file upload.tsv (TSV, C-alpha atoms)
chain	number	residue	atom	x	y	z
A	12	MET	CA	86.56	-18.50	-17.32
A	13	ARG	CA	83.24	-17.96	-18.99
A	14	ARG	CA	82.94	-14.18	-18.86
A	15	LYS	CA	84.51	-11.28	-17.06
A	16	PRO	CA	82.94	-10.97	-13.61
A	17	CYS	CA	80.42	-8.20	-13.30
A	18	TYR	CA	77.59	-7.31	-10.97
A	19	PHE	CA	74.04	-7.89	-12.16
A	20	SER	CA	71.66	-5.02	-12.62
A	21	VAL	CA	67.92	-5.23	-12.20
A	22	PRO	CA	67.17	-1.52	-12.49
A	23	GLY	CA	63.40	-1.72	-12.37
A	24	LEU	CA	63.40	-3.70	-9.14
A	25	ILE	CA	66.03	-1.46	-7.56
A	26	LEU	CA	64.12	1.68	-8.53
A	27	ALA	CA	60.89	0.31	-7.09
A	28	PHE	CA	62.53	-0.70	-3.82
A	29	TRP	CA	64.14	2.73	-3.46
A	30	CYS	CA	60.85	4.46	-4.18
A	31	LEU	CA	58.95	2.43	-1.61
A	32	THR	CA	61.65	2.89	1.02
A	33	ALA	CA	62.18	6.61	0.52
A	34	PHE	CA	58.57	7.49	-0.16
A	35	PRO	CA	56.10	5.17	1.62
A	36	GLY	CA	53.21	6.66	-0.32
A	37	CYS	CA	54.78	5.85	-3.67
A	38	SER	CA	52.43	3.91	-5.96
A	39	VAL	CA	55.17	1.81	-7.56
A	40	LYS	CA	54.99	-1.77	-6.30
A	41	THR	CA	57.65	-4.43	-6.54
A	42	PRO	CA	56.63	-7.85	-7.87
A	43	PRO	CA	55.65	-10.31	-5.13
A	44	VAL	CA	58.55	-12.26	-3.63
A	45	SER	CA	58.40	-15.94	-2.68
A	46	VAL	CA	60.89	-18.22	-0.98
A	47	PRO	CA	61.34	-21.84	-2.09
A	48	ARG	CA	60.77	-24.58	0.47
A	49	ILE	CA	63.36	-27.36	0.36
A	50	ILE	CA	61.85	-30.84	0.06
A	51	VAL	CA	65.01	-32.89	-0.37
A	52	GLU	CA	68.68	-32.44	-1.28
A	53	ILE	CA	70.32	-34.56	-4.00
A	54	PRO	CA	74.10	-34.97	-4.33
A	55	HIS	CA	75.66	-33.19	-7.30
A	56	ASP	CA	79.09	-33.30	-8.93
A	57	SER	CA	80.89	-30.23	-7.59
A	58	ALA	CA	83.16	-30.19	-10.66
A	59	ALA	CA	80.22	-29.61	-13.03
A	60	PHE	CA	79.93	-26.00	-14.21
A	61	VAL	CA	76.16	-26.12	-14.73
A	62	GLN	CA	74.85	-23.96	-17.57
A	63	GLY	CA	71.51	-25.60	-18.32
A	64	LEU	CA	69.11	-28.08	-16.72
A	65	PHE	CA	65.75	-29.69	-17.42
A	66	TYR	CA	63.75	-32.70	-16.24
A	67	ASP	CA	62.30	-35.45	-18.41
A	68	ASN	CA	60.92	-38.88	-17.51
A	69	GLY	CA	62.86	-39.48	-14.31
A	70	ARG	CA	66.07	-37.93	-15.56
A	71	LEU	CA	67.77	-34.57	-15.29
A	72	TYR	CA	69.50	-33.37	-18.44
A	73	GLU	CA	72.43	-31.11	-17.63
A	74	SER	CA	74.63	-28.96	-19.85
A	75	ASP	CA	78.04	-28.16	-18.37
A	76	GLY	CA	80.37	-25.38	-19.50
A	77	LEU	CA	84.05	-24.32	-19.60
A	78	TYR	CA	86.36	-24.94	-22.53
A	79	GLY	CA	87.79	-28.42	-22.41
A	80	LYS	CA	85.30	-29.49	-19.73
A	81	SER	CA	81.92	-28.92	-21.39
A	82	ALA	CA	79.54	-31.87	-21.60
A	83	MET	CA	75.96	-33.01	-21.96
A	84	ARG	CA	74.94	-35.31	-19.11
A	85	THR	CA	71.94	-37.21	-17.80
A	86	LEU	CA	71.40	-37.81	-14.09
A	87	ASP	CA	69.00	-39.93	-12.08
A	88	ALA	CA	66.51	-37.37	-10.76
A	89	MET	CA	66.08	-39.21	-7.46
A	90	THR	CA	69.69	-39.97	-6.55
A	91	GLY	CA	71.74	-37.60	-8.72
A	92	ALA	CA	73.72	-40.57	-10.06
A	93	LEU	CA	75.40	-39.99	-13.41
A	94	LEU	CA	73.76	-42.02	-16.16
A	95	LYS	CA	75.46	-40.67	-19.29
A	96	HIS	CA	78.29	-38.23	-20.01
A	97	VAL	CA	78.94	-36.88	-23.52
A	98	PRO	CA	81.97	-34.56	-23.64
A	99	LEU	CA	82.00	-31.68	-26.09
A	100	ASN	CA	84.83	-30.86	-28.44
A	101	SER	CA	87.22	-28.51	-26.63
A	102	ARG	CA	86.36	-25.67	-29.01
A	103	TYR	CA	82.84	-25.52	-27.53
A	104	PHE	CA	81.65	-23.92	-24.29
A	105	GLY	CA	78.35	-25.56	-23.37
A	106	GLU	CA	75.41	-23.40	-22.32
A	107	GLY	CA	71.64	-23.91	-22.00
A	108	CYS	CA	69.78	-27.04	-23.10
A	109	ALA	CA	66.19	-27.98	-23.89
A	110	LYS	CA	64.05	-30.77	-25.31
A	111	MET	CA	61.97	-30.62	-28.49
A	112	GLU	CA	60.06	-33.89	-28.90
A	113	GLU	CA	62.75	-36.59	-29.35
A	114	THR	CA	65.64	-34.15	-29.77
A	115	ILE	CA	67.84	-32.50	-27.14
A	116	VAL	CA	69.36	-29.14	-28.12
A	117	GLN	CA	72.42	-27.67	-26.40
A	118	ILE	CA	73.58	-24.18	-27.27
A	119	THR	CA	77.14	-22.87	-26.97
A	120	TRP	CA	78.47	-19.57	-25.64
A	121	GLN	CA	80.40	-17.84	-28.45
A	122	GLU	CA	80.57	-20.57	-31.08
A	123	GLN	CA	77.15	-19.72	-32.60
A	124	THR	CA	76.40	-23.43	-32.80
A	125	ALA	CA	73.62	-25.51	-31.27
A	126	LEU	CA	74.41	-29.19	-30.84
A	127	THR	CA	71.60	-31.73	-31.04
A	128	TYR	CA	71.27	-35.21	-29.59
A	129	SER	CA	68.84	-38.10	-29.63
A	130	ARG	CA	66.70	-38.00	-26.50
A	131	ALA	CA	66.88	-41.79	-26.27
A	132	ASP	CA	70.64	-42.17	-25.80
A	133	LEU	CA	72.27	-38.74	-26.27
A	134	SER	CA	73.82	-39.83	-29.55
A	135	PRO	CA	74.98	-36.72	-31.48
A	136	ASP	CA	72.91	-35.51	-34.40
A	137	ALA	CA	72.93	-32.46	-36.68
A	138	THR	CA	74.02	-28.96	-35.66
A	139	LEU	CA	72.08	-25.70	-35.86
A	140	VAL	CA	73.57	-22.22	-36.30
A	141	TYR	CA	72.67	-18.81	-34.90
A	142	SER	CA	74.22	-15.37	-34.50
A	143	GLY	CA	75.56	-13.90	-31.27
A	144	GLU	CA	76.09	-15.45	-27.87
A	145	GLY	CA	74.07	-18.27	-26.33
A	146	TRP	CA	73.29	-18.35	-22.59
A	147	GLY	CA	69.99	-19.99	-21.57
A	148	LEU	CA	67.54	-22.21	-23.46
A	149	THR	CA	64.11	-23.71	-22.81
A	150	SER	CA	61.14	-24.90	-24.84
A	151	ASP	CA	57.35	-24.84	-24.65
A	152	GLY	CA	57.10	-27.85	-26.97
A	153	ARG	CA	56.50	-25.68	-30.03
A	154	ASN	CA	59.26	-23.07	-29.91
A	155	PHE	CA	62.49	-22.42	-28.06
A	156	TYR	CA	63.14	-19.47	-25.75
A	157	MET	CA	66.76	-18.36	-25.68
A	158	SER	CA	68.72	-15.74	-23.72
A	159	ASN	CA	72.06	-14.12	-24.51
A	160	GLY	CA	72.74	-12.12	-21.33
A	161	SER	CA	70.78	-9.10	-22.51
A	162	ASP	CA	67.30	-7.94	-21.49
A	163	THR	CA	65.68	-9.85	-24.38
A	164	LEU	CA	64.34	-13.37	-24.79
A	165	PHE	CA	64.46	-14.73	-28.34
A	166	VAL	CA	61.73	-17.08	-29.49
A	167	ARG	CA	63.07	-19.52	-32.09
A	168	ASN	CA	61.29	-22.14	-34.17
A	169	ARG	CA	62.44	-25.74	-34.61
A	170	GLU	CA	64.90	-24.65	-37.30
A	171	PHE	CA	66.28	-22.13	-34.79
A	172	THR	CA	65.13	-19.10	-36.76
A	173	ILE	CA	64.06	-16.14	-34.60
A	174	VAL	CA	60.30	-15.63	-34.86
A	175	ARG	CA	59.84	-13.14	-32.03
A	176	LYS	CA	61.78	-11.03	-29.54
A	177	ILE	CA	60.54	-10.40	-25.98
A	178	PRO	CA	62.04	-7.40	-24.15
A	179	VAL	CA	61.93	-8.19	-20.42
A	180	THR	CA	61.03	-5.30	-18.14
A	181	SER	CA	60.10	-4.40	-14.62
A	182	HIS	CA	58.25	-1.10	-14.21
A	183	GLY	CA	59.09	-0.28	-17.82
A	184	LEU	CA	62.84	-0.64	-17.31
A	185	PRO	CA	64.95	-3.43	-18.86
A	186	VAL	CA	66.13	-6.40	-16.80
A	187	LYS	CA	69.54	-7.48	-18.07
A	188	ASN	CA	71.78	-10.53	-17.63
A	189	LEU	CA	69.01	-13.06	-18.23
A	190	ASN	CA	70.63	-16.48	-18.11
A	191	GLU	CA	69.36	-20.05	-17.50
A	192	LEU	CA	65.68	-20.51	-18.44
A	193	GLU	CA	62.81	-22.91	-17.73
A	194	TYR	CA	59.31	-22.81	-19.27
A	195	VAL	CA	56.54	-23.87	-16.88
A	196	LYS	CA	52.79	-23.59	-17.52
A	197	GLY	CA	52.94	-20.47	-19.67
A	198	THR	CA	55.66	-18.74	-17.62
A	199	VAL	CA	59.38	-18.40	-18.30
A	200	PHE	CA	61.55	-18.72	-15.19
A	201	ALA	CA	64.94	-17.02	-15.55
A	202	ASN	CA	68.09	-16.74	-13.50
A	203	VAL	CA	69.70	-13.32	-13.45
A	204	TRP	CA	73.45	-13.82	-13.67
A	205	TYR	CA	75.24	-13.07	-10.39
A	206	SER	CA	71.90	-12.90	-8.60
A	207	ASP	CA	70.38	-15.22	-5.99
A	208	SER	CA	66.96	-14.66	-7.53
A	209	ILE	CA	64.85	-16.30	-10.21
A	210	LEU	CA	62.33	-14.18	-12.10
A	211	GLU	CA	58.90	-15.29	-13.31
A	212	ILE	CA	58.41	-13.65	-16.71
A	213	ASN	CA	55.18	-13.39	-18.68
A	214	PRO	CA	56.25	-14.33	-22.23
A	215	GLU	CA	53.27	-12.50	-23.72
A	216	ASN	CA	54.45	-9.06	-22.61
A	217	GLY	CA	57.88	-9.62	-21.03
A	218	HIS	CA	56.82	-8.30	-17.62
A	219	VAL	CA	58.44	-9.65	-14.46
A	220	GLU	CA	55.48	-10.94	-12.44
A	221	SER	CA	57.24	-12.29	-9.37
A	222	ILE	CA	60.64	-12.94	-7.83
A	223	ILE	CA	61.84	-16.16	-6.21
A	224	ASP	CA	64.42	-15.39	-3.55
A	225	CYS	CA	66.88	-18.30	-3.47
A	226	SER	CA	69.36	-16.74	-1.06
A	227	SER	CA	68.57	-19.40	1.56
A	228	LEU	CA	69.66	-22.11	-0.90
A	229	VAL	CA	72.87	-20.25	-1.70
A	230	LYS	CA	73.58	-19.87	2.02
A	231	LYS	CA	72.99	-23.59	2.58
A	232	GLU	CA	75.17	-24.56	-0.39
A	233	ARG	CA	78.04	-22.20	0.52
A	234	PRO	CA	79.48	-21.97	-3.04
A	235	ALA	CA	83.23	-22.36	-3.39
A	236	SER	CA	83.70	-19.02	-5.18
A	237	ALA	CA	81.88	-15.99	-6.55
A	238	GLU	CA	81.74	-17.69	-9.96
A	239	CYS	CA	79.74	-20.62	-8.56
A	240	VAL	CA	76.38	-18.89	-8.91
A	241	LEU	CA	72.82	-20.19	-8.92
A	242	ASN	CA	72.30	-21.45	-12.46
A	243	GLY	CA	70.07	-24.46	-12.91
A	244	ILE	CA	66.26	-24.63	-13.09
A	245	ALA	CA	64.28	-27.76	-13.92
A	246	TYR	CA	60.61	-28.58	-13.30
A	247	ASN	CA	58.94	-31.94	-12.69
A	248	GLN	CA	55.30	-31.48	-13.63
A	249	ALA	CA	54.24	-34.85	-12.22
A	250	ILE	CA	55.10	-33.79	-8.67
A	251	GLY	CA	54.92	-30.01	-9.11
A	252	LYS	CA	58.46	-29.47	-7.81
A	253	PHE	CA	61.54	-27.64	-9.07
A	254	TYR	CA	65.15	-28.79	-9.12
A	255	LEU	CA	67.53	-25.88	-8.43
A	256	THR	CA	71.32	-25.94	-8.47
A	257	GLY	CA	74.32	-23.89	-9.54
A	258	LYS	CA	77.77	-23.90	-11.09
A	259	LYS	CA	79.99	-26.37	-9.23
A	260	TRP	CA	77.36	-26.85	-6.53
A	261	LYS	CA	77.52	-29.93	-4.33
A	262	LYS	CA	73.74	-30.22	-4.18
A	263	ILE	CA	70.61	-30.12	-6.27
A	264	PHE	CA	67.69	-28.82	-4.22
A	265	VAL	CA	64.23	-30.21	-4.88
A	266	VAL	CA	61.95	-27.37	-3.85
A	267	GLU	CA	58.37	-26.24	-3.73
A	268	ILE	CA	57.72	-22.67	-4.84
A	269	PRO	CA	54.54	-21.08	-3.45
A	270	ASP	CA	52.10	-19.65	-5.96
A	271	LYS	CA	52.41	-15.90	-6.33

call {"tool": "encode", "arguments": {"input": "upload.tsv", "output": "structure tokens"}}
result
Amino acid sequence: MRRKPCYFSVPGLILAFWCLTAFPGCSVKTPPVSVPRIIVEIPHDSAAFVQGLFYDNGRLYESDGLYGKSAMRTLDAMTGALLKHVPLNSRYFGEGCAKMEETIVQITWQEQTALTYSRADLSPDATLVYSGEGWGLTSDGRNFYMSNGSDTLFVRNREFTIVRKIPVTSHGLPVKNLNELEYVKGTVFANVWYSDSILEINPENGHVESIIDCSSLVKKERPASAECVLNGIAYNQAIGKFYLTGKKWKKIFVVEIPDK
């Protein structure tokens, strides 16, 4: 399996909640919480261990993990139908994925290798190298944002060189286990591994500005095991909706997330 199971820790949010509960006059405030509204449910392959997801031109691009089962796939964003499946060499464990112009980049967990593909047909291209683990990946069109399970987001240029590090905090305390990422209108959305929540992070200062509580989606999905966690965020700018799913989930939820 991907990693040893562990429980997530969001110490800043926990501290704030405790303070407000124990001391009603406490000045510490938790970030605002919103709940996604389900618009439609799309069928999803329950064998796919989703590690990364993004939307582009009517298609969902999905990176799947597990050794011997990792792949890069494209799906019809309306029906969930599989359009293309590119298996990875068994030595790779697929992780996050993102688009940069006409190139798709897919990072790997411990192999310190980013695979690239042509956006047009997912034909393999050159590889990029980096140090450490790879978890989540997204792009703002100029740079990549990458997570490695720590409390830090790494901004990388097109050559995959680190140009900036963003420590992510809530109330001055680090937020760890940052996983799948999605960049939307100047904000980085991030799953916290083993959490039912998605965080909205300001990439300028790393502050958590709001929390999206996806527990209702998890309850509706009824994942097959504790490993089948929420872990897929894609955004369709044309309709202003998100696609949310998880590892080995049977559904992709198209949702509307209220403004904070």

call {"tool": "atom_distance", "arguments": {"input": "upload.tsv", "atom1": "CA of Ile118 (chain A)", "atom2": "CA of Val199 (chain A)"}}
result
17.8 Å

call {"tool": "atom_distance", "arguments": {"input": "upload.tsv", "atom1": "CA of Lys259 (chain A)", "atom2": "CA of Gln121 (chain A)"}}
result
21.0 Å

call {"tool": "closest_residue", "arguments": {"input": "upload.tsv", "among": "A:Glu122, A:Asp75, A:Asp67, A:Asp162", "to": "Val186 (chain A)", "atoms": "only C-alpha atoms"}}
result
A:Asp162

call {"tool": "atom_distance", "arguments": {"input": "upload.tsv", "atom1": "CA of Glu52 (chain A)", "atom2": "CA of Met157 (chain A)"}}
result
28.2 Å

call {"tool": "closest_residue", "arguments": {"input": "upload.tsv", "among": "A:Glu144, A:Glu215, A:Ser150, A:Gln248", "to": "Val179 (chain A)", "atoms": "only C-alpha atoms"}}
result
A:Glu215

call {"tool": "closest_residue", "arguments": {"input": "upload.tsv", "among": "A:Ile49, A:Asn247, A:Gly76, A:Tyr141", "to": "Lys231 (chain A)", "atoms": "all atoms listed in the file"}}
result
A:Ile49

call {"tool": "residues_around", "arguments": {"input": "upload.tsv", "residues": "His55 (chain A)", "least_positions_apart": "2", "cutoff": "9 Å", "atoms": "all atoms listed in the file", "output": "list in words"}}
result
Ile53, Ser57, Ala58, Ala59, Gly91, Ala92, Thr256, Lys259, Trp260, Lys261, Lys262 and Ile263 of chain A

call {"tool": "closest_residue", "arguments": {"input": "upload.tsv", "among": "A:Tyr72, A:Phe104, A:Trp204, A:Tyr128", "to": "Phe60 (chain A)", "atoms": "only C-alpha atoms"}}
result
A:Phe104

call {"tool": "closest_residue", "arguments": {"input": "upload.tsv", "among": "A:Pro135, A:Pro43, A:Gly63, A:Gly145", "to": "Ala109 (chain A)", "atoms": "all atoms listed in the file"}}
result
A:Gly63

call {"tool": "closest_residue", "arguments": {"input": "upload.tsv", "among": "A:Asn213, A:Thr163, A:Gln62, A:Ser142", "to": "Ile177 (chain A)", "atoms": "all atoms listed in the file"}}
result
A:Thr163
